[in-house]
Every structure is written in structure tokens, then in C-alpha cells.
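Only one structure is covered here, and it is reproduced in the block below.
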Amino acid sequence: MTTPKEVKLFGAAVSGFCTMVHHALRLKGVAYDYVEVDLKNKSEEFLKTNPVHKKVPVLVVDGNPIPESLIILLYVDETWKEQPLMPQDPYLRYKIRFWADFIYQKMMPVSYAIIQSEGEAQKKAIEEFLGLFKTLEDGINKDIHLQGPFVHGEKPGILDVILGTCGAGLKHFEQILPGVKLLDEELVPQLCSTMDAYAELDIVKDTAEMLSQYLHEAEAQKKAVEESINDCIFMHVKVITR
């Protein structure tokens, strides 16, 4: 297989799914171009890359688009062999894929329910999430049990990329939801430890710094729009009250 010559990532700075792809590419040492997608005004160039779901991220490799973050992570690992993110053992690869699917299909929907609900509904969602979190830790300890600071052992792999990125999102949830504790070190000590180790990686810090400029630009644009709307309202009021 020839080495890809042109790699472009369409993403959004606010998306953890896109951040996972940034991390995977950087762990692999892959050079790529990044295109920030305006989620409220998606370009035709982007829509052509993912006409079915119309969602980020999309990785375009030599003109061939690959959508969906988990699919992209697996594709990246299979395409660039250096710094593998998956083990060679087929059974271990299956187990890692199983728990990755568990995070995507079971845990992520419940995490969204937490932030979208309140009161008793939110309390129930938190309890369900913590139960799933405990199931994940127990399952990883039983099925993978590799020695090292990361789930994959001495070096981070696909589960670390997913969990590490989700860990940053869960910390954000805790900040905006007073009294909510999702990263429970007593309940899931090993996963909390691996997520902390992942957060200290240079590629994680460098990616956050790179994406922060897009977040600042988005915030500045939002503020400018709000000020423009307020000016229009003020002028309208001024006209009708003359």
C-alpha cells in the first residue's frame, strides 16, 4: 500500500469526536491540513465529503472521504503502521473494539442525557452513567489487563484516545453542572489515572492550543453577531419612538 500524499481533516473545535482524530493523527506523526467547519453554515466542499450524515469529522485521504470518528481512528491505524494504536493479537483487538463500541453506544448517549436533563431525570442518568463507567473499568481490567500508565500499556492506543478525549468532556460537564461528579476516583481509579496520564501528553496539549484559536474566533463572531442584533433592535426602537 502506497503512503497517502494528501490528508485533510474537516472538523469543528467544539467536537470531541474531531479532537480524537486530531490526537490519532498526531500520535501517528501524520502531516495533515485542517479545515474548521462552520456547523451553522456548512460549505458545499464539506457537504460533498459526507452527504449522508453531514456531520464532522471527515478525514479525506488522497480525495477519498472517510466519515465517523471511530471508523476514522481504525482507518488511521491500519493506513499508517508506525506507532500502532491497536495490538497485533486478533483477540485483543476484538476486545478493544468491543469496549470502544460500548463507550460509543452505551456511555455517550447517557452522558448527553445528563447535560440535557435536570432534577430526578438527571439524577437517574448520572446513576446509570456511573454504573456503565464501573462496568467499563471492570471489563477493561478483565479483558485487556496491560501494564503501564495507559489502557493499552506503556503507550496510548485507541481506547486511550477515546477515553482521554471523553475525560476532558466529563470535566467540562462537572464545571457547568454544579454538584455533579462523573470522574469518581474511588469508583473507577484506574480509568481516572489513565485519563490523567493522557491529558499530560504533548500532543493533547498542542492540539488544545491549536483548537483554542478557533474557539476564540467563534466566540468573537458570536459576540459580533449579538452586538449587531442589539444595534438593529436599538435603531428599530429609536425609529418607532421618534
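Ordering of the C-alpha cells sets the chain letters (A, B, ...), residue numbers begin anew at 1 in every chain, and ligands are numbered from 1 in the order given.
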
Residues near Ala197 (chain A), cut-off 10 Å, only C-alpha atoms, skip fewer than 4 positions along chain, as a list in words: Pro149, Phe150, Pro156, Asp160, Gly164, Leu191, Cys192, Ser193 and Leu201 of chain A

Selected residue of minimal separation from Phe98 (chain A) among A:Ser111, A:Cys18, A:Leu159, A:His172, counting only C-alpha atoms: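 Closest to Phe98 (chain A), using only C-alpha atoms: A:Leu159.
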
7 Å contact set for region 138-146 of chain A, only C-alpha atoms, chain neighbours under 4 positions out, as a PyMOL selection string: chain A and resi 92+95+134+151-153

Output of the above residues as an mmCIF file, in the first residue's frame, restricted to all heavy atoms:
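For reference, again07.cif as written:
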```
data_model
loop_
_atom_site.group_PDB
_atom_site.id
_atom_site.type_symbol
_atom_site.label_atom_id
_atom_site.label_comp_id
_atom_site.auth_asym_id
_atom_site.auth_seq_id
_atom_site.Cartn_x
_atom_site.Cartn_y
_atom_site.Cartn_z
ATOM 1 N N LEU A 92 -7.263 -9.686 21.191
ATOM 2 C CA LEU A 92 -7.141 -8.453 21.960
ATOM 3 C C LEU A 92 -7.699 -7.274 21.164
ATOM 4 O O LEU A 92 -8.330 -6.369 21.721
ATOM 5 C CB LEU A 92 -5.682 -8.210 22.330
ATOM 6 C CG LEU A 92 -5.394 -7.159 23.426
ATOM 7 C CD1 LEU A 92 -6.197 -7.440 24.670
ATOM 8 C CD2 LEU A 92 -3.905 -7.124 23.737
ATOM 9 N N LYS A 95 -11.390 -7.337 21.578
ATOM 10 C CA LYS A 95 -11.826 -6.862 22.887
ATOM 11 C C LYS A 95 -11.776 -5.333 22.969
ATOM 12 O O LYS A 95 -12.668 -4.687 23.519
ATOM 13 C CB LYS A 95 -10.957 -7.482 23.989
ATOM 14 C CG LYS A 95 -11.290 -8.941 24.295
ATOM 15 C CD LYS A 95 -12.703 -9.059 24.848
ATOM 16 C CE LYS A 95 -13.027 -10.464 25.300
ATOM 17 N NZ LYS A 95 -14.413 -10.576 25.829
ATOM 18 N N LYS A 134 -18.298 1.971 35.751
ATOM 19 C CA LYS A 134 -17.751 0.873 36.551
ATOM 20 C C LYS A 134 -17.673 -0.408 35.725
ATOM 21 O O LYS A 134 -16.678 -1.150 35.800
ATOM 22 C CB LYS A 134 -18.627 0.659 37.788
ATOM 23 C CG LYS A 134 -18.190 -0.507 38.677
ATOM 24 C CD LYS A 134 -16.801 -0.294 39.244
ATOM 25 C CE LYS A 134 -16.442 -1.395 40.248
ATOM 26 N NZ LYS A 134 -15.010 -1.321 40.654
ATOM 27 N N VAL A 151 -4.407 2.478 29.083
ATOM 28 C CA VAL A 151 -5.192 1.265 28.883
ATOM 29 C C VAL A 151 -4.423 0.280 28.006
ATOM 30 O O VAL A 151 -4.421 -0.925 28.247
ATOM 31 C CB VAL A 151 -6.554 1.596 28.236
ATOM 32 C CG1 VAL A 151 -7.299 0.321 27.863
ATOM 33 C CG2 VAL A 151 -7.409 2.437 29.185
ATOM 34 N N HIS A 152 -3.736 0.798 26.984
ATOM 35 C CA HIS A 152 -3.011 -0.041 26.041
ATOM 36 C C HIS A 152 -1.597 -0.392 26.526
ATOM 37 O O HIS A 152 -0.847 -1.016 25.791
ATOM 38 C CB HIS A 152 -2.930 0.636 24.679
ATOM 39 C CG HIS A 152 -4.206 0.591 23.906
ATOM 40 N ND1 HIS A 152 -4.372 -0.142 22.746
ATOM 41 C CD2 HIS A 152 -5.411 1.187 24.124
ATOM 42 C CE1 HIS A 152 -5.602 0.014 22.278
ATOM 43 N NE2 HIS A 152 -6.243 0.820 23.099
ATOM 44 N N GLY A 153 -1.253 0.017 27.732
ATOM 45 C CA GLY A 153 0.065 -0.317 28.264
ATOM 46 C C GLY A 153 0.971 0.883 28.391
ATOM 47 O O GLY A 153 0.579 1.928 28.924
#
```

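Excluding Glu82 (chain A) itself and same-chain residues fewer than 2 positions from it, the residues having an atom within 9 Å of it are Lys28, Gly29, Asp77, Trp80, Pro84 and Leu85 of chain A, counting only C-alpha atoms.
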
Nearest-residue call for Phe102 (chain A), choices A:Val180, A:Val161, A:Leu136, A:Leu70, using only C-alpha atoms: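 Closest to Phe102 (chain A), using only C-alpha atoms: A:Leu136.
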
Filtered DSSP result for region 8-235 of chain A, state strand (DSSP E or B), as an NGL selection string: :A and (8-11 or 33-36 or 58-61 or 64-67 or 150 or 153)

From A:Leu215, A:Ile96, A:Val30, A:Met195, residue lying nearest Ala168 (chain A) [only C-alpha atoms]: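 The closest residue to Ala168 (chain A) is A:Met195.
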
Shell of 12 Å around Glu127 (chain A), only C-alpha atoms, local chain residues under 2 positions omitted, as a PyMOL selection string: chain A and resi 107+110-111+113-114+120-125+129-134+180-182+184+187

Test item: residues at most 8 Å from His23 (chain A), only C-alpha atoms, excluding those fewer than 3 positions along its chain, as a list in words: Thr19, Met20, Arg26, Leu27, Val161, Ile203, Val204 and Thr207 of chain A

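Restricting the calculation to only C-alpha atoms, the smallest distance between Pro178 (chain A) and any of A:Val35, A:Asp89, A:Ile115, A:Gln147 is found for A:Ile115.
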
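Excluding Ala31 (chain A) itself and same-chain residues fewer than 3 positions from it, the residues having an atom within 12 Å of it are Thr3, Pro4, Lys5, Glu6, Val7, Lys8, Leu9, His22, His23, Ala24, Leu25, Arg26, Leu27, Lys28, Tyr34, Val61 and Trp80 of chain A, counting only C-alpha atoms.
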
How about saving the chosen residues, C-alpha atoms kept, as a CSV table (one decimal), in the first residue's frame?
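This is the output file result-v5.csv:
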```csv
chain,number,residue,atom,x,y,z
A,3,THR,CA,1.7,6.1,1.6
A,4,PRO,CA,-1.1,8.7,1.3
A,5,LYS,CA,0.1,12.0,-0.1
A,6,GLU,CA,-2.7,14.4,0.8
A,7,VAL,CA,-4.6,14.3,4.1
A,8,LYS,CA,-7.2,16.8,5.1
A,9,LEU,CA,-9.4,16.8,8.2
A,22,HIS,CA,-6.5,15.1,15.7
A,23,HIS,CA,-4.9,13.1,18.5
A,24,ALA,CA,-4.7,9.9,16.5
A,25,LEU,CA,-3.1,11.6,13.5
A,26,ARG,CA,-0.6,13.4,15.8
A,27,LEU,CA,0.2,10.2,17.7
A,28,LYS,CA,1.0,8.6,14.3
A,34,TYR,CA,-7.2,21.1,8.9
A,61,VAL,CA,-7.2,10.9,2.1
A,80,TRP,CA,-0.1,4.3,8.9
```

Residue among A:Val60, A:Gly157, A:His53, A:Tyr198 lying closest to Asp33 (chain A), counting only C-alpha atoms: A:Val60

Given only C-alpha atoms as the counted atoms, nearest of A:Ala100, A:Leu170, A:Val14, A:Ile66 to Lys48 (chain A):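 Ranked by minimum distance to Lys48 (chain A), first place goes to A:Ile66.
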